[in-house]
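The structure file my_file_8.pdb is reproduced below (PDB, C-alpha atoms and all ligand atoms).
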ATOM      1  CA  MET A 240      56.322 174.540 -59.579  1.00  0.00           C
ATOM      2  CA  THR A 241      57.683 176.668 -56.791  1.00  0.00           C
ATOM      3  CA  ALA A 242      58.996 179.587 -58.795  1.00  0.00           C
ATOM      4  CA  ARG A 243      59.355 182.959 -57.138  1.00  0.00           C
ATOM      5  CA  ARG A 244      58.381 186.050 -59.120  1.00  0.00           C
ATOM      6  CA  TYR A 245      60.368 189.274 -59.382  1.00  0.00           C
ATOM      7  CA  ARG A 246      58.412 192.009 -61.121  1.00  0.00           C
ATOM      8  CA  ARG A 247      59.839 195.139 -62.713  1.00  0.00           C
ATOM      9  CA  ASP A 248      58.592 197.660 -65.258  1.00  0.00           C
ATOM     10  CA  GLY A 249      58.045 195.777 -68.498  1.00  0.00           C
ATOM     11  CA  GLY A 250      58.158 192.208 -67.288  1.00  0.00           C
ATOM     12  CA  VAL A 251      58.514 189.493 -64.664  1.00  0.00           C
ATOM     13  CA  VAL A 252      61.507 187.275 -63.893  1.00  0.00           C
ATOM     14  CA  THR A 253      60.725 183.893 -62.326  1.00  0.00           C
ATOM     15  CA  PHE A 254      63.166 181.599 -60.558  1.00  0.00           C
ATOM     16  CA  ASP A 255      62.610 177.975 -59.529  1.00  0.00           C
ATOM     17  CA  ALA A 256      65.265 176.959 -57.006  1.00  0.00           C
ATOM     18  CA  GLU A 257      64.457 173.274 -57.423  1.00  0.00           C
ATOM     19  CA  LEU A 258      65.635 173.407 -61.037  1.00  0.00           C
ATOM     20  CA  CYS A 259      68.742 175.577 -60.531  1.00  0.00           C
ATOM     21  CA  ARG A 260      72.002 173.715 -61.189  1.00  0.00           C
ATOM     22  CA  HIS A 261      74.250 176.540 -60.046  1.00  0.00           C
ATOM     23  CA  ALA A 262      75.887 176.923 -63.438  1.00  0.00           C
ATOM     24  CA  ALA A 263      76.343 180.627 -62.564  1.00  0.00           C
ATOM     25  CA  GLU A 264      75.520 181.917 -66.046  1.00  0.00           C
ATOM     26  CA  CYS A 265      73.221 184.401 -64.351  1.00  0.00           C
ATOM     27  CA  VAL A 266      75.611 185.740 -61.703  1.00  0.00           C
ATOM     28  CA  ASN A 267      78.475 185.957 -64.188  1.00  0.00           C
ATOM     29  CA  GLY A 268      76.364 187.513 -66.917  1.00  0.00           C
ATOM     30  CA  LEU A 269      74.578 190.201 -64.888  1.00  0.00           C
ATOM     31  CA  PRO A 270      76.136 190.481 -61.418  1.00  0.00           C
ATOM     32  CA  GLN A 271      74.199 193.694 -60.729  1.00  0.00           C
ATOM     33  CA  VAL A 272      70.955 191.712 -61.058  1.00  0.00           C
ATOM     34  CA  PHE A 273      71.843 188.237 -59.781  1.00  0.00           C
ATOM     35  CA  ASP A 274      73.714 188.554 -56.488  1.00  0.00           C
ATOM     36  CA  THR A 275      73.332 185.825 -53.896  1.00  0.00           C
ATOM     37  CA  ALA A 276      74.675 188.161 -51.197  1.00  0.00           C
ATOM     38  CA  LYS A 277      71.643 190.451 -51.580  1.00  0.00           C
ATOM     39  CA  ARG A 278      68.007 190.067 -50.621  1.00  0.00           C
ATOM     40  CA  PRO A 279      66.162 189.614 -52.805  1.00  0.00           C
ATOM     41  CA  TRP A 280      68.983 187.950 -54.722  1.00  0.00           C
ATOM     42  CA  ILE A 281      67.357 188.843 -58.057  1.00  0.00           C
ATOM     43  CA  GLN A 282      66.979 192.615 -58.654  1.00  0.00           C
ATOM     44  CA  PRO A 283      65.707 192.804 -62.242  1.00  0.00           C
ATOM     45  CA  GLU A 284      65.397 196.592 -62.291  1.00  0.00           C
ATOM     46  CA  ASN A 285      69.215 196.815 -62.370  1.00  0.00           C
ATOM     47  CA  ALA A 286      69.425 195.917 -66.090  1.00  0.00           C
ATOM     48  CA  SER A 287      67.397 196.462 -69.247  1.00  0.00           C
ATOM     49  CA  ILE A 288      64.774 193.988 -70.396  1.00  0.00           C
ATOM     50  CA  ASP A 289      67.025 193.098 -73.356  1.00  0.00           C
ATOM     51  CA  GLU A 290      69.989 192.415 -71.060  1.00  0.00           C
ATOM     52  CA  LEU A 291      67.794 190.237 -68.863  1.00  0.00           C
ATOM     53  CA  ALA A 292      66.545 188.348 -71.915  1.00  0.00           C
ATOM     54  CA  THR A 293      70.083 187.646 -73.132  1.00  0.00           C
ATOM     55  CA  VAL A 294      71.378 186.282 -69.841  1.00  0.00           C
ATOM     56  CA  ILE A 295      68.218 184.412 -68.845  1.00  0.00           C
ATOM     57  CA  SER A 296      68.313 182.662 -72.211  1.00  0.00           C
ATOM     58  CA  ARG A 297      71.708 181.224 -71.212  1.00  0.00           C
ATOM     59  CA  CYS A 298      70.396 179.527 -68.064  1.00  0.00           C
ATOM     60  CA  PRO A 299      70.874 175.811 -68.817  1.00  0.00           C
ATOM     61  CA  SER A 300      68.464 174.382 -66.269  1.00  0.00           C
ATOM     62  CA  GLY A 301      65.124 176.043 -66.936  1.00  0.00           C
ATOM     63  CA  ALA A 302      65.231 177.680 -63.501  1.00  0.00           C
ATOM     64  CA  LEU A 303      65.051 181.238 -64.855  1.00  0.00           C
ATOM     65  CA  HIS A 304      62.410 182.743 -67.103  1.00  0.00           C
ATOM     66  CA  LEU A 305      61.519 186.215 -68.254  1.00  0.00           C
ATOM     67  CA  GLU A 306      58.062 187.110 -69.488  1.00  0.00           C
ATOM     68  CA  THR A 307      57.713 190.609 -70.867  1.00  0.00           C
ATOM     69  CA  ASP A 308      54.523 192.611 -70.670  1.00  0.00           C
ATOM     70  CA  ASP A 309      54.359 192.580 -74.489  1.00  0.00           C
ATOM     71  CA  GLY A 310      54.247 188.784 -74.503  1.00  0.00           C
ATOM     72  CA  ARG A 311      57.828 187.648 -75.136  1.00  0.00           C
ATOM     73  CA  ARG A 312      59.166 184.682 -73.169  1.00  0.00           C
ATOM     74  CA  TYR A 313      62.813 183.764 -72.520  1.00  0.00           C
ATOM     75  CA  GLY A 314      64.380 180.801 -70.767  1.00  0.00           C
ATOM     76  CA  LEU A 315      64.057 177.056 -71.369  1.00  0.00           C
TER      77      LEU A 315
HETATM   78  S1  LIG K 401      72.098 180.314 -64.727  1.00  0.00           S
HETATM   79 FE1  LIG K 401      70.269 179.136 -64.136  1.00  0.00          FE
HETATM   80  S2  LIG K 401      71.050 177.201 -63.361  1.00  0.00           S
HETATM   81 FE2  LIG K 401      72.749 178.656 -63.386  1.00  0.00          FE
HETATM   82  S3  LIG K 401      72.806 179.556 -61.316  1.00  0.00           S
HETATM   83 FE3  LIG K 401      71.578 180.897 -62.633  1.00  0.00          FE
HETATM   84  S4  LIG K 401      69.481 180.166 -62.321  1.00  0.00           S
HETATM   85 FE4  LIG K 401      70.810 178.542 -61.602  1.00  0.00          FE
END

Could I get this file's structure written as structure tokens?
Ligand code: SF4
Amino acid sequence: MTARRYRRDGGVVTFDAELCRHAAECVNGLPQVFDTAKRPWIQPENASIDELATVISRCPSGALHLETDDGRRYGL
């Protein structure tokens, strides 16, 4: 697994580029967080944990996950 980690208050977003199928659920769902024109391209502090959970749950490939500091996990 080659996932990169993006920490914010309350949780960590991970992204594995090898699994991403470019379905764009992430960039369409939360463009202020997932923006391929920015570095880093994932800026999880730009949305709430609940918003992140909703959109990351829609990722169809298993490339995105969210693990909250209180033990919840989202993503395939
Ligand atoms: S929703 Fe998942 S599969 Fe689609 S572009 Fe985002 S990370 Fe990749």

Within-12 Å residues of ligand LIG 401 (chain K), basis all atoms listed in the file, as a ChimeraX atom specification: /A:242-243,252-270,272-275,280-281,291,293-305,314-315

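When all atoms listed in the file are used to measure the gap to Asp248 in chain A, the shortest distance among A:Arg278, A:Tyr313, A:Thr307, A:Ala292 belongs to A:Thr307.
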
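Put simply, CA of Asp289 in chain A is 22.4 Å away from CA of Lys277 in chain A.
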
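If all atoms listed in the file are the atoms counted, then among A:Asn285, A:Arg246, A:Thr241, A:Pro279 the closest residue to Glu306 in chain A is A:Arg246.
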
Apply the PyMOL selection byres (((chain A and resi 249) around 8) and not hetatm) to the structure shown and report the selected residues as a ChimeraX atom specification. /A:247-248,250-251,288,307-309

Could you give me the axis-aligned bounding box of range 257-268 of chain A, with 3 Å of padding per side, as centre plus edge lengths in Å to one decimal, as JSON?
{"center_x": 71.5, "center_y": 180.4, "center_z": -62.2, "size_x": 20.0, "size_y": 20.2, "size_z": 15.5}

Assuming the input is short of atoms at range 260-271 of chain A, produce all heavy atoms for that part as a PDB file, keeping the file's coordinate frame.
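To be explicit, this is the file written out as part20.pdb:
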ATOM      1  N   ARG A 260      70.831 174.587 -61.280  1.00  0.00           N
ATOM      2  CA  ARG A 260      72.002 173.715 -61.189  1.00  0.00           C
ATOM      3  C   ARG A 260      73.266 174.515 -60.886  1.00  0.00           C
ATOM      4  O   ARG A 260      74.376 174.039 -61.091  1.00  0.00           O
ATOM      5  CB  ARG A 260      72.186 172.939 -62.500  1.00  0.00           C
ATOM      6  CG  ARG A 260      71.201 171.819 -62.657  1.00  0.00           C
ATOM      7  CD  ARG A 260      71.688 170.863 -63.742  1.00  0.00           C
ATOM      8  NE  ARG A 260      70.673 170.658 -64.750  1.00  0.00           N
ATOM      9  CZ  ARG A 260      70.782 171.008 -66.039  1.00  0.00           C
ATOM     10  NH1 ARG A 260      71.880 171.600 -66.468  1.00  0.00           N
ATOM     11  NH2 ARG A 260      69.829 170.764 -66.873  1.00  0.00           N
ATOM     12  N   HIS A 261      73.119 175.733 -60.498  1.00  0.00           N
ATOM     13  CA  HIS A 261      74.250 176.540 -60.046  1.00  0.00           C
ATOM     14  C   HIS A 261      75.344 176.664 -61.100  1.00  0.00           C
ATOM     15  O   HIS A 261      76.527 176.660 -60.788  1.00  0.00           O
ATOM     16  CB  HIS A 261      74.811 175.994 -58.722  1.00  0.00           C
ATOM     17  CG  HIS A 261      73.737 175.848 -57.678  1.00  0.00           C
ATOM     18  ND1 HIS A 261      73.132 176.936 -57.103  1.00  0.00           N
ATOM     19  CD2 HIS A 261      73.116 174.757 -57.180  1.00  0.00           C
ATOM     20  CE1 HIS A 261      72.203 176.517 -56.260  1.00  0.00           C
ATOM     21  NE2 HIS A 261      72.163 175.205 -56.293  1.00  0.00           N
ATOM     22  N   ALA A 262      74.921 176.756 -62.355  1.00  0.00           N
ATOM     23  CA  ALA A 262      75.887 176.923 -63.438  1.00  0.00           C
ATOM     24  C   ALA A 262      76.467 178.331 -63.466  1.00  0.00           C
ATOM     25  O   ALA A 262      77.462 178.575 -64.141  1.00  0.00           O
ATOM     26  CB  ALA A 262      75.218 176.616 -64.779  1.00  0.00           C
ATOM     27  N   ALA A 263      75.820 179.272 -62.756  1.00  0.00           N
ATOM     28  CA  ALA A 263      76.343 180.627 -62.564  1.00  0.00           C
ATOM     29  C   ALA A 263      76.348 181.488 -63.819  1.00  0.00           C
ATOM     30  O   ALA A 263      76.963 182.540 -63.843  1.00  0.00           O
ATOM     31  CB  ALA A 263      77.727 180.608 -61.925  1.00  0.00           C
ATOM     32  N   GLU A 264      75.644 181.037 -64.875  1.00  0.00           N
ATOM     33  CA  GLU A 264      75.520 181.917 -66.046  1.00  0.00           C
ATOM     34  C   GLU A 264      74.883 183.241 -65.651  1.00  0.00           C
ATOM     35  O   GLU A 264      75.239 184.302 -66.159  1.00  0.00           O
ATOM     36  CB  GLU A 264      74.655 181.252 -67.124  1.00  0.00           C
ATOM     37  CG  GLU A 264      75.263 180.033 -67.754  1.00  0.00           C
ATOM     38  CD  GLU A 264      76.395 180.370 -68.694  1.00  0.00           C
ATOM     39  OE1 GLU A 264      76.576 181.556 -69.018  1.00  0.00           O
ATOM     40  OE2 GLU A 264      77.100 179.427 -69.084  1.00  0.00           O
ATOM     41  N   CYS A 265      73.939 183.188 -64.743  1.00  0.00           N
ATOM     42  CA  CYS A 265      73.221 184.401 -64.351  1.00  0.00           C
ATOM     43  C   CYS A 265      74.130 185.356 -63.569  1.00  0.00           C
ATOM     44  O   CYS A 265      74.246 186.530 -63.921  1.00  0.00           O
ATOM     45  CB  CYS A 265      71.979 184.043 -63.554  1.00  0.00           C
ATOM     46  SG  CYS A 265      72.283 182.984 -62.133  1.00  0.00           S
ATOM     47  N   VAL A 266      74.798 184.848 -62.544  1.00  0.00           N
ATOM     48  CA  VAL A 266      75.611 185.740 -61.703  1.00  0.00           C
ATOM     49  C   VAL A 266      76.830 186.260 -62.456  1.00  0.00           C
ATOM     50  O   VAL A 266      77.292 187.374 -62.211  1.00  0.00           O
ATOM     51  CB  VAL A 266      76.024 185.078 -60.377  1.00  0.00           C
ATOM     52  CG1 VAL A 266      74.811 184.816 -59.504  1.00  0.00           C
ATOM     53  CG2 VAL A 266      76.779 183.792 -60.590  1.00  0.00           C
ATOM     54  N   ASN A 267      77.349 185.477 -63.384  1.00  0.00           N
ATOM     55  CA  ASN A 267      78.475 185.957 -64.188  1.00  0.00           C
ATOM     56  C   ASN A 267      78.022 186.928 -65.270  1.00  0.00           C
ATOM     57  O   ASN A 267      78.738 187.877 -65.612  1.00  0.00           O
ATOM     58  CB  ASN A 267      79.207 184.774 -64.840  1.00  0.00           C
ATOM     59  CG  ASN A 267      79.966 183.942 -63.832  1.00  0.00           C
ATOM     60  OD1 ASN A 267      80.373 184.436 -62.790  1.00  0.00           O
ATOM     61  ND2 ASN A 267      80.147 182.670 -64.128  1.00  0.00           N
ATOM     62  N   GLY A 268      76.835 186.700 -65.803  1.00  0.00           N
ATOM     63  CA  GLY A 268      76.364 187.513 -66.917  1.00  0.00           C
ATOM     64  C   GLY A 268      75.856 188.878 -66.489  1.00  0.00           C
ATOM     65  O   GLY A 268      76.078 189.873 -67.176  1.00  0.00           O
ATOM     66  N   LEU A 269      75.144 188.933 -65.376  1.00  0.00           N
ATOM     67  CA  LEU A 269      74.578 190.201 -64.888  1.00  0.00           C
ATOM     68  C   LEU A 269      74.720 190.254 -63.361  1.00  0.00           C
ATOM     69  O   LEU A 269      73.738 190.093 -62.625  1.00  0.00           O
ATOM     70  CB  LEU A 269      73.092 190.315 -65.256  1.00  0.00           C
ATOM     71  CG  LEU A 269      72.741 190.746 -66.665  1.00  0.00           C
ATOM     72  CD1 LEU A 269      71.217 190.717 -66.856  1.00  0.00           C
ATOM     73  CD2 LEU A 269      73.273 192.147 -66.977  1.00  0.00           C
ATOM     74  N   PRO A 270      75.935 190.496 -62.870  1.00  0.00           N
ATOM     75  CA  PRO A 270      76.136 190.481 -61.418  1.00  0.00           C
ATOM     76  C   PRO A 270      75.370 191.577 -60.684  1.00  0.00           C
ATOM     77  O   PRO A 270      75.102 191.437 -59.487  1.00  0.00           O
ATOM     78  CB  PRO A 270      77.653 190.661 -61.268  1.00  0.00           C
ATOM     79  CG  PRO A 270      78.129 191.197 -62.569  1.00  0.00           C
ATOM     80  CD  PRO A 270      77.186 190.680 -63.618  1.00  0.00           C
ATOM     81  N   GLN A 271      74.978 192.642 -61.394  1.00  0.00           N
ATOM     82  CA  GLN A 271      74.199 193.694 -60.729  1.00  0.00           C
ATOM     83  C   GLN A 271      72.739 193.298 -60.524  1.00  0.00           C
ATOM     84  O   GLN A 271      72.019 193.938 -59.769  1.00  0.00           O
ATOM     85  CB  GLN A 271      74.302 195.016 -61.515  1.00  0.00           C
ATOM     86  CG  GLN A 271      73.563 195.057 -62.834  1.00  0.00           C
ATOM     87  CD  GLN A 271      74.369 194.521 -64.007  1.00  0.00           C
ATOM     88  OE1 GLN A 271      75.127 193.569 -63.886  1.00  0.00           O
ATOM     89  NE2 GLN A 271      74.177 195.123 -65.177  1.00  0.00           N
TER      90      GLN A 271
END
